[in-house]
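Worksheet: the structure to be examined is printed underneath.
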Amino acid sequence: MGHMIKGLLALSLLAWSCMAQAQTWLHVTGLSWHDRPGYNGTNTGFGLEKQIEPRWSGALGVYHNSLYRTTLYAVGKYQWIQQGAWQINVNMGAATGYEPGPIGPVLMPELCLAWVCVFAAPRLGRDTTAAAVIYLRIPIGQPGS
């Protein structure tokens, strides 16, 4: 069943990326640092982000989380500040794979320098920890490309 969900997510992401011309980014997730030991620090996965308006984008993806579970996420991203290659964003949405329920809220600040982004993840339940997560946000499409 897990492979079916991943396959459907991959097809949905591909279809979404082919829609209207707008900036699109590939997310490649990687490493995390936690405020206490015992958590997975290698969070491999992928996702796609598509610009909706000048300061808003939406992202969908999948990764292997800090609890060694598969997480699916859907977030809206608000670009709060941009100064040259620096951005400060706020991610809001939902993610699976954490306690206390099947789907949990996401509200995370994010700092990006060009393609490299780091976001701060608060504790989501008693079995999780606060974390800093690094990922690549690689531009793959924009109007006129």
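Please note that chains go A, B, ... in the order of the structure tokens, that every chain numbers its residues from 1, and that ligands are numbered from 1 in the order shown.
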I want to know what sits within 8 Å of A:Lys50, based on only C-alpha atoms, with residues of the same chain fewer than 6 positions away left out; could you give that as a PyMOL selection string? chain A and resi 17+22-25+57-59
Output for the residues just chosen: all heavy atoms as an mmCIF file, in the first residue's frame:
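again.cif, written as the output of this step:
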```cif
data_model
loop_
_atom_site.group_PDB
_atom_site.id
_atom_site.type_symbol
_atom_site.label_atom_id
_atom_site.label_comp_id
_atom_site.auth_asym_id
_atom_site.auth_seq_id
_atom_site.Cartn_x
_atom_site.Cartn_y
_atom_site.Cartn_z
ATOM 1 N N SER A 17 3.301 19.730 -12.026
ATOM 2 C CA SER A 17 4.436 20.489 -12.557
ATOM 3 C C SER A 17 4.244 20.866 -14.013
ATOM 4 O O SER A 17 4.871 21.805 -14.494
ATOM 5 C CB SER A 17 5.736 19.706 -12.386
ATOM 6 O OG SER A 17 5.767 18.611 -13.271
ATOM 7 N N ALA A 22 4.742 28.731 -14.498
ATOM 8 C CA ALA A 22 5.104 29.462 -13.277
ATOM 9 C C ALA A 22 6.408 28.858 -12.778
ATOM 10 O O ALA A 22 6.788 27.758 -13.186
ATOM 11 C CB ALA A 22 4.019 29.338 -12.212
ATOM 12 N N GLN A 23 7.081 29.566 -11.884
ATOM 13 C CA GLN A 23 8.314 29.029 -11.303
ATOM 14 C C GLN A 23 8.011 27.706 -10.603
ATOM 15 O O GLN A 23 7.031 27.589 -9.887
ATOM 16 C CB GLN A 23 8.902 30.022 -10.304
ATOM 17 C CG GLN A 23 10.156 29.543 -9.617
ATOM 18 C CD GLN A 23 11.336 29.397 -10.570
ATOM 19 O OE1 GLN A 23 11.683 30.324 -11.267
ATOM 20 N NE2 GLN A 23 11.933 28.238 -10.596
ATOM 21 N N THR A 24 8.854 26.722 -10.836
ATOM 22 C CA THR A 24 8.720 25.406 -10.214
ATOM 23 C C THR A 24 10.073 25.018 -9.631
ATOM 24 O O THR A 24 11.107 25.308 -10.222
ATOM 25 C CB THR A 24 8.296 24.345 -11.263
ATOM 26 O OG1 THR A 24 7.088 24.766 -11.888
ATOM 27 C CG2 THR A 24 8.070 22.988 -10.624
ATOM 28 N N TRP A 25 10.041 24.383 -8.449
ATOM 29 C CA TRP A 25 11.254 23.924 -7.789
ATOM 30 C C TRP A 25 11.128 22.450 -7.447
ATOM 31 O O TRP A 25 10.053 21.975 -7.072
ATOM 32 C CB TRP A 25 11.500 24.672 -6.478
ATOM 33 C CG TRP A 25 11.719 26.141 -6.614
ATOM 34 C CD1 TRP A 25 12.912 26.783 -6.766
ATOM 35 C CD2 TRP A 25 10.729 27.163 -6.562
ATOM 36 N NE1 TRP A 25 12.720 28.141 -6.809
ATOM 37 C CE2 TRP A 25 11.380 28.402 -6.690
ATOM 38 C CE3 TRP A 25 9.332 27.149 -6.430
ATOM 39 C CZ2 TRP A 25 10.709 29.610 -6.692
ATOM 40 C CZ3 TRP A 25 8.654 28.361 -6.428
ATOM 41 C CH2 TRP A 25 9.335 29.567 -6.557
ATOM 42 N N SER A 57 3.534 30.121 -2.874
ATOM 43 C CA SER A 57 3.717 28.897 -3.655
ATOM 44 C C SER A 57 3.116 27.745 -2.856
ATOM 45 O O SER A 57 2.819 27.880 -1.666
ATOM 46 C CB SER A 57 5.204 28.647 -3.956
ATOM 47 O OG SER A 57 5.936 28.533 -2.762
ATOM 48 N N GLY A 58 2.935 26.624 -3.513
ATOM 49 C CA GLY A 58 2.439 25.418 -2.858
ATOM 50 C C GLY A 58 3.415 24.285 -3.117
ATOM 51 O O GLY A 58 4.051 24.236 -4.173
ATOM 52 N N ALA A 59 3.567 23.383 -2.147
ATOM 53 C CA ALA A 59 4.513 22.272 -2.295
ATOM 54 C C ALA A 59 3.864 20.972 -1.834
ATOM 55 O O ALA A 59 3.103 20.947 -0.864
ATOM 56 C CB ALA A 59 5.779 22.537 -1.487
#
```
Would you mind writing down, as a PyMOL selection string, each residue of chain A that DSSP on the backbone assigns to alpha helix (DSSP H)? chain A and resi 2-17
Please produce a file of those selected residues containing all heavy atoms, as a CSV table (one decimal), in the first residue's frame.
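Below you can see again_37.csv, which holds the result:
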```csv
chain,number,residue,atom,x,y,z
A,2,GLY,N,2.0,1.3,0.7
A,2,GLY,CA,2.9,2.4,0.8
A,2,GLY,C,3.4,2.8,-0.6
A,2,GLY,O,3.5,3.9,-0.9
A,3,HIS,N,3.8,1.8,-1.4
A,3,HIS,CA,4.3,2.0,-2.7
A,3,HIS,C,3.2,2.6,-3.6
A,3,HIS,O,3.5,3.5,-4.5
A,3,HIS,CB,4.8,0.7,-3.4
A,3,HIS,CG,6.0,0.2,-2.6
A,3,HIS,ND1,7.2,0.8,-2.6
A,3,HIS,CD2,6.2,-0.9,-1.9
A,3,HIS,CE1,8.1,0.2,-1.9
A,3,HIS,NE2,7.5,-0.9,-1.5
A,4,MET,N,2.0,2.2,-3.4
A,4,MET,CA,0.9,2.8,-4.2
A,4,MET,C,0.7,4.3,-3.9
A,4,MET,O,0.6,5.1,-4.8
A,4,MET,CB,-0.4,2.0,-4.0
A,4,MET,CG,-1.6,2.6,-4.8
A,4,MET,SD,-3.2,1.9,-4.4
A,4,MET,CE,-3.0,0.2,-5.0
A,5,ILE,N,0.8,4.6,-2.7
A,5,ILE,CA,0.6,6.0,-2.3
A,5,ILE,C,1.8,6.8,-2.8
A,5,ILE,O,1.6,7.9,-3.4
A,5,ILE,CB,0.6,6.2,-0.7
A,5,ILE,CG1,-0.7,5.6,-0.2
A,5,ILE,CG2,0.7,7.6,-0.3
A,5,ILE,CD1,-0.8,5.5,1.3
A,6,LYS,N,3.0,6.3,-2.8
A,6,LYS,CA,4.2,7.0,-3.3
A,6,LYS,C,4.0,7.2,-4.8
A,6,LYS,O,4.3,8.3,-5.4
A,6,LYS,CB,5.4,6.3,-3.0
A,6,LYS,CG,5.8,6.4,-1.5
A,6,LYS,CD,7.1,5.6,-1.3
A,6,LYS,CE,7.4,5.4,0.2
A,6,LYS,NZ,8.5,4.6,0.5
A,7,GLY,N,3.6,6.2,-5.5
A,7,GLY,CA,3.4,6.2,-7.0
A,7,GLY,C,2.3,7.3,-7.3
A,7,GLY,O,2.5,8.1,-8.3
A,8,LEU,N,1.2,7.3,-6.6
A,8,LEU,CA,0.1,8.2,-6.9
A,8,LEU,C,0.6,9.7,-6.6
A,8,LEU,O,0.3,10.6,-7.4
A,8,LEU,CB,-1.1,7.9,-6.0
A,8,LEU,CG,-1.9,6.7,-6.5
A,8,LEU,CD1,-3.0,6.4,-5.5
A,8,LEU,CD2,-2.5,6.9,-7.9
A,9,LEU,N,1.4,9.8,-5.6
A,9,LEU,CA,2.0,11.1,-5.2
A,9,LEU,C,2.9,11.6,-6.4
A,9,LEU,O,2.9,12.7,-6.8
A,9,LEU,CB,2.7,11.1,-3.9
A,9,LEU,CG,3.3,12.4,-3.5
A,9,LEU,CD1,2.3,13.5,-3.4
A,9,LEU,CD2,4.1,12.3,-2.2
A,10,ALA,N,3.8,10.7,-6.8
A,10,ALA,CA,4.7,11.0,-7.9
A,10,ALA,C,4.0,11.4,-9.2
A,10,ALA,O,4.3,12.4,-9.8
A,10,ALA,CB,5.6,9.8,-8.2
A,11,LEU,N,2.9,10.7,-9.5
A,11,LEU,CA,2.1,11.1,-10.7
A,11,LEU,C,1.4,12.4,-10.5
A,11,LEU,O,1.4,13.2,-11.5
A,11,LEU,CB,1.1,10.0,-11.0
A,11,LEU,CG,1.7,8.7,-11.6
A,11,LEU,CD1,0.5,7.6,-11.7
A,11,LEU,CD2,2.3,8.9,-12.9
A,12,SER,N,0.9,12.6,-9.3
A,12,SER,CA,0.2,13.9,-9.1
A,12,SER,C,1.2,15.1,-9.2
A,12,SER,O,0.9,16.1,-9.7
A,12,SER,CB,-0.4,13.9,-7.7
A,12,SER,OG,-1.4,12.9,-7.6
A,13,LEU,N,2.4,14.9,-8.6
A,13,LEU,CA,3.4,15.9,-8.7
A,13,LEU,C,3.8,16.2,-10.1
A,13,LEU,O,4.0,17.3,-10.5
A,13,LEU,CB,4.7,15.5,-7.9
A,13,LEU,CG,4.5,15.5,-6.4
A,13,LEU,CD1,5.7,14.9,-5.7
A,13,LEU,CD2,4.2,16.9,-5.8
A,14,LEU,N,4.0,15.2,-10.9
A,14,LEU,CA,4.3,15.3,-12.3
A,14,LEU,C,3.3,16.1,-13.1
A,14,LEU,O,3.6,17.0,-13.8
A,14,LEU,CB,4.6,14.0,-13.0
A,14,LEU,CG,5.0,14.0,-14.5
A,14,LEU,CD1,6.3,14.8,-14.6
A,14,LEU,CD2,5.1,12.6,-15.0
A,15,ALA,N,2.0,15.7,-12.9
A,15,ALA,CA,0.9,16.4,-13.5
A,15,ALA,C,0.8,17.9,-13.1
A,15,ALA,O,0.7,18.8,-13.9
A,15,ALA,CB,-0.4,15.7,-13.2
A,16,TRP,N,1.0,18.1,-11.8
A,16,TRP,CA,1.0,19.5,-11.3
A,16,TRP,C,2.1,20.3,-11.9
A,16,TRP,O,1.9,21.5,-12.2
A,16,TRP,CB,1.1,19.4,-9.7
A,16,TRP,CG,0.9,20.7,-9.0
A,16,TRP,CD1,0.0,21.6,-9.2
A,16,TRP,CD2,1.7,21.1,-7.9
A,16,TRP,NE1,0.1,22.6,-8.3
A,16,TRP,CE2,1.2,22.4,-7.5
A,16,TRP,CE3,2.8,20.6,-7.3
A,16,TRP,CZ2,1.8,23.1,-6.5
A,16,TRP,CZ3,3.4,21.4,-6.2
A,16,TRP,CH2,2.8,22.6,-5.8
A,17,SER,N,3.3,19.7,-12.0
A,17,SER,CA,4.4,20.5,-12.6
A,17,SER,C,4.2,20.9,-14.0
A,17,SER,O,4.9,21.8,-14.5
A,17,SER,CB,5.7,19.7,-12.4
A,17,SER,OG,5.8,18.6,-13.3
```
> Could you state the separation of atom CA of A:Asn65 and atom CA of A:Ala121 in Å, given to one decimal place?
Replying inline: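 Atom-to-atom, atom CA of A:Asn65 and atom CA of A:Ala121 are spaced 11.6 Å apart.
Minimum atom-to-atom distances from A:Leu113, A:Val28, A:Leu72, A:Leu67 to A:Thr128 were compared using only C-alpha atoms, and the lowest value belongs to A:Leu67.
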Contacts of stretch 97-111 of chain A at 6 Å (only C-alpha atoms; same-chain gap of 4+ positions) as a ChimeraX atom specification
/A:69-71,87-93,117-121,125
Enumerate the residues of chain A with a DSSP assignment of strand (DSSP E or B), computed from the backbone, and present them as a ChimeraX atom specification.
/A:24-34,42-53,56-64,70-83,86-96,103-113,116-121,131-141
